[in-house]
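Below: the structure, in structure tokens.
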Amino acid sequence: MNSKNLEVRKKVIRYIRKNPKATYKSIREHLKVHPERIFKNGMAQAFNEAGIKPPRTFKRKTRKERQKIIINFIKKNPKAGRHTISKVVKINISNVFKSIKEAYREAGIEYPREKSYDRSPEEKRKKIIELIKKNPYLTVPEITIKSRAHPYRLFKGLDEIYKKAGVKKIGEGEKIKNRKRKDVINFIKKNCLATQREINKACNTHVQTIFKKGIFGAYEKANIKYPFKRLKLYGTTLKEIKKRAKDFEDKIAVILSGYGKVNQLVKTKRGVADIILERKSRKIIVEIKDYQKKDISISQVKQLNKYVEDCNTDIGLLICHKKPKKDKFLIGKNKIFILEKQNLDKINKII
């Protein structure tokens, strides 16, 4: 062996020792050499000289051995298709069997698609048309599974299938809505006190847009009586929340009256301001939020700023129970301050 081949041989051995799972392909890519030209017995000899246990056998399997591997796989997976078998066992079925059907026959397993092959194209078309007549909302995958035949191989398209079935074509959007309706109905059956918000979140939909009567229509389709008691309870709770908010506004109005003239519920161009406080010929627009759990958001700040602009002033106060970290905003020439009820004494300093 010449010195050049000896050096290449050492190079391959070092590479294998660093990469115990090296393949013929990886050696070719990284070292740009052909292992079989350096090692008489190929990759097996290369791993042996490197003192590394080969990650796989490099012995070439006979045709019978490859057949046996495929047969054993089919016995364990009696519904596997050609593509799946070849992908898992790394053997091309066409190289060892005349057809996939022969492989199944040798394994003593009935070929799962045999019944499909026994039917003529006309019989398959007839089956698909019958399915669409019974349920126009079926999707292509559902048609394929139920008919054991692919519709696009038998018809020009869905339009032809609907036409031959004599039914109006259902668009993909309506089919999606139909699936969502089924999801909602099943959810209601399992959760008979579910609210509209809970249903929308769980089913990722909008009940009010997929049922004609909204939430009531959904319960009706599920054959579940709508829990009107809960609705009544919700209405009572809503009244309590409104009363509490009104009481909070009135308390704030009384406190603010100590700082100037208070005008409640003043209509502006773009809404109704809770309070306009007039002090030293200046107008201060005040919004009051009785949020117990909900945080003040930027949308409330922007709404207050609109009232400030409508009233041709430059100061706005947003009063709440718990202010956010950022409690001062400069929007154009306008200044918006967020205060808690216990900090209203800061109004003098702000003005």
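By convention in this document, the chains of the structure tokens carry letters A, B, ... by their order, each chain's residues are numbered from 1, and ligands are numbered from 1 in the order they are shown.
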Report task. Name the residues in contact with A:Asn77 at a cut-off of 12 Å, using only C-alpha atoms, excluding same-chain residues fewer than 3 positions from it; report them as a PyMOL selection string. Result -> chain A and resi 70-74+80-82+84-85+88+104+107+109-112
Atom CA of A:Tyr259 sits from atom CA of A:Asn343 at a separation of 13.4 Å
query = Could you pull the residues within 12 Å of A:Phe39, counting only C-alpha atoms, minus those fewer than 2 positions along the same chain, as a list of chain:residue names?
reply = A:Met1, A:Asn5, A:Leu6, A:Val8, A:Arg9, A:Lys10, A:Val12, A:Ile13, A:Val33, A:His34, A:Pro35, A:Glu36, A:Arg37, A:Asn41, A:Gly42, A:Met43, A:Ala44, A:Gln45, A:Ala46, A:Phe47, A:Asn48, A:Glu49, A:Ala50
| query | Can you tell me, as a VMD selection string, what residues are no more than 12 Å from A:Val167 when counting only C-alpha atoms, ignoring any on the same chain fewer than 3 positions away? | reply | chain A and resid 129 to 137 158 to 164 170
Requested in this report: Name all residues at most 12 Å from A:Lys283 (count only C-alpha atoms; drop same-chain ones fewer than 2 positions away) and give them as number ranges by chain.
Outcome: A: 259-263, 275-281, 285-286, 307-317, 351
> So which residues touch A:Ile210 within 12 Å, counting only C-alpha atoms, skipping near sequence neighbours fewer than 5 positions away, as a ChimeraX atom specification?
Replying inline: /A:173-185,200,203-205,215-218,221
Could you turn the residues from that selection into a file that holds N, CA, C and O atoms, as a PDB file, in the first residue's frame?
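The result, stored in result.pdb:
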ATOM      1  N   GLY A 173     -66.538  26.588   3.060  1.00  0.00           N
ATOM      2  CA  GLY A 173     -66.830  27.414   4.244  1.00  0.00           C
ATOM      3  C   GLY A 173     -68.006  26.877   5.041  1.00  0.00           C
ATOM      4  O   GLY A 173     -67.971  26.822   6.268  1.00  0.00           O
ATOM      5  N   GLU A 174     -69.055  26.469   4.341  1.00  0.00           N
ATOM      6  CA  GLU A 174     -70.240  25.931   5.000  1.00  0.00           C
ATOM      7  C   GLU A 174     -69.938  24.586   5.633  1.00  0.00           C
ATOM      8  O   GLU A 174     -70.485  24.244   6.688  1.00  0.00           O
ATOM      9  N   LYS A 175     -69.053  23.812   5.004  1.00  0.00           N
ATOM     10  CA  LYS A 175     -68.666  22.507   5.575  1.00  0.00           C
ATOM     11  C   LYS A 175     -67.916  22.701   6.892  1.00  0.00           C
ATOM     12  O   LYS A 175     -68.107  21.948   7.842  1.00  0.00           O
ATOM     13  N   ILE A 176     -67.076  23.741   6.921  1.00  0.00           N
ATOM     14  CA  ILE A 176     -66.336  24.049   8.157  1.00  0.00           C
ATOM     15  C   ILE A 176     -67.313  24.451   9.254  1.00  0.00           C
ATOM     16  O   ILE A 176     -67.199  24.017  10.401  1.00  0.00           O
ATOM     17  N   LYS A 177     -68.306  25.297   8.886  1.00  0.00           N
ATOM     18  CA  LYS A 177     -69.326  25.710   9.860  1.00  0.00           C
ATOM     19  C   LYS A 177     -70.081  24.495  10.395  1.00  0.00           C
ATOM     20  O   LYS A 177     -70.394  24.418  11.589  1.00  0.00           O
ATOM     21  N   ASN A 178     -70.382  23.568   9.505  1.00  0.00           N
ATOM     22  CA  ASN A 178     -71.116  22.366   9.903  1.00  0.00           C
ATOM     23  C   ASN A 178     -70.304  21.542  10.912  1.00  0.00           C
ATOM     24  O   ASN A 178     -70.851  21.027  11.889  1.00  0.00           O
ATOM     25  N   ARG A 179     -68.991  21.430  10.666  1.00  0.00           N
ATOM     26  CA  ARG A 179     -68.127  20.701  11.608  1.00  0.00           C
ATOM     27  C   ARG A 179     -68.092  21.416  12.948  1.00  0.00           C
ATOM     28  O   ARG A 179     -68.100  20.773  14.008  1.00  0.00           O
ATOM     29  N   LYS A 180     -68.053  22.759  12.889  1.00  0.00           N
ATOM     30  CA  LYS A 180     -68.036  23.530  14.135  1.00  0.00           C
ATOM     31  C   LYS A 180     -69.350  23.341  14.900  1.00  0.00           C
ATOM     32  O   LYS A 180     -69.361  23.264  16.129  1.00  0.00           O
ATOM     33  N   ARG A 181     -70.466  23.277  14.158  1.00  0.00           N
ATOM     34  CA  ARG A 181     -71.768  23.055  14.806  1.00  0.00           C
ATOM     35  C   ARG A 181     -71.767  21.728  15.568  1.00  0.00           C
ATOM     36  O   ARG A 181     -72.259  21.638  16.693  1.00  0.00           O
ATOM     37  N   LYS A 182     -71.201  20.706  14.935  1.00  0.00           N
ATOM     38  CA  LYS A 182     -71.122  19.387  15.573  1.00  0.00           C
ATOM     39  C   LYS A 182     -70.279  19.450  16.840  1.00  0.00           C
ATOM     40  O   LYS A 182     -70.633  18.867  17.864  1.00  0.00           O
ATOM     41  N   ASP A 183     -69.159  20.183  16.762  1.00  0.00           N
ATOM     42  CA  ASP A 183     -68.272  20.336  17.932  1.00  0.00           C
ATOM     43  C   ASP A 183     -69.017  21.019  19.072  1.00  0.00           C
ATOM     44  O   ASP A 183     -68.913  20.597  20.239  1.00  0.00           O
ATOM     45  N   VAL A 184     -69.770  22.075  18.732  1.00  0.00           N
ATOM     46  CA  VAL A 184     -70.517  22.831  19.747  1.00  0.00           C
ATOM     47  C   VAL A 184     -71.596  21.950  20.383  1.00  0.00           C
ATOM     48  O   VAL A 184     -71.755  21.919  21.611  1.00  0.00           O
ATOM     49  N   ILE A 185     -72.334  21.230  19.552  1.00  0.00           N
ATOM     50  CA  ILE A 185     -73.411  20.359  20.040  1.00  0.00           C
ATOM     51  C   ILE A 185     -72.856  19.292  20.985  1.00  0.00           C
ATOM     52  O   ILE A 185     -73.415  19.049  22.063  1.00  0.00           O
ATOM     53  N   ASN A 200     -67.441  29.164  22.943  1.00  0.00           N
ATOM     54  CA  ASN A 200     -66.591  29.790  21.918  1.00  0.00           C
ATOM     55  C   ASN A 200     -65.110  29.482  22.147  1.00  0.00           C
ATOM     56  O   ASN A 200     -64.367  29.193  21.208  1.00  0.00           O
ATOM     57  N   CYS A 203     -64.457  25.501  21.653  1.00  0.00           N
ATOM     58  CA  CYS A 203     -64.627  25.021  20.267  1.00  0.00           C
ATOM     59  C   CYS A 203     -63.973  25.931  19.232  1.00  0.00           C
ATOM     60  O   CYS A 203     -64.083  25.666  18.027  1.00  0.00           O
ATOM     61  N   ASN A 204     -63.327  27.000  19.718  1.00  0.00           N
ATOM     62  CA  ASN A 204     -62.642  27.945  18.823  1.00  0.00           C
ATOM     63  C   ASN A 204     -63.587  28.440  17.717  1.00  0.00           C
ATOM     64  O   ASN A 204     -63.302  28.319  16.526  1.00  0.00           O
ATOM     65  N   THR A 205     -64.725  28.982  18.120  1.00  0.00           N
ATOM     66  CA  THR A 205     -65.719  29.433  17.154  1.00  0.00           C
ATOM     67  C   THR A 205     -66.529  30.592  17.724  1.00  0.00           C
ATOM     68  O   THR A 205     -66.230  31.095  18.805  1.00  0.00           O
ATOM     69  N   ILE A 215     -76.853  31.103  20.749  1.00  0.00           N
ATOM     70  CA  ILE A 215     -76.681  30.146  21.845  1.00  0.00           C
ATOM     71  C   ILE A 215     -77.939  29.314  22.078  1.00  0.00           C
ATOM     72  O   ILE A 215     -77.873  28.121  22.364  1.00  0.00           O
ATOM     73  N   PHE A 216     -79.109  29.939  21.876  1.00  0.00           N
ATOM     74  CA  PHE A 216     -80.372  29.209  22.066  1.00  0.00           C
ATOM     75  C   PHE A 216     -80.542  28.135  20.988  1.00  0.00           C
ATOM     76  O   PHE A 216     -81.000  27.025  21.258  1.00  0.00           O
ATOM     77  N   GLY A 217     -80.138  28.471  19.758  1.00  0.00           N
ATOM     78  CA  GLY A 217     -80.210  27.503  18.668  1.00  0.00           C
ATOM     79  C   GLY A 217     -79.271  26.327  18.889  1.00  0.00           C
ATOM     80  O   GLY A 217     -79.599  25.183  18.557  1.00  0.00           O
ATOM     81  N   ALA A 218     -78.104  26.620  19.460  1.00  0.00           N
ATOM     82  CA  ALA A 218     -77.120  25.569  19.736  1.00  0.00           C
ATOM     83  C   ALA A 218     -77.667  24.579  20.759  1.00  0.00           C
ATOM     84  O   ALA A 218     -77.568  23.359  20.583  1.00  0.00           O
ATOM     85  N   LYS A 221     -80.415  22.414  19.146  1.00  0.00           N
ATOM     86  CA  LYS A 221     -79.884  21.344  18.298  1.00  0.00           C
ATOM     87  C   LYS A 221     -79.304  20.205  19.141  1.00  0.00           C
ATOM     88  O   LYS A 221     -79.306  19.042  18.720  1.00  0.00           O
TER      89      LYS A 221
END
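Computed from the coordinates, the atom CA of A:Glu240 to atom CA of A:Asn191 distance equals 26.9 Å.
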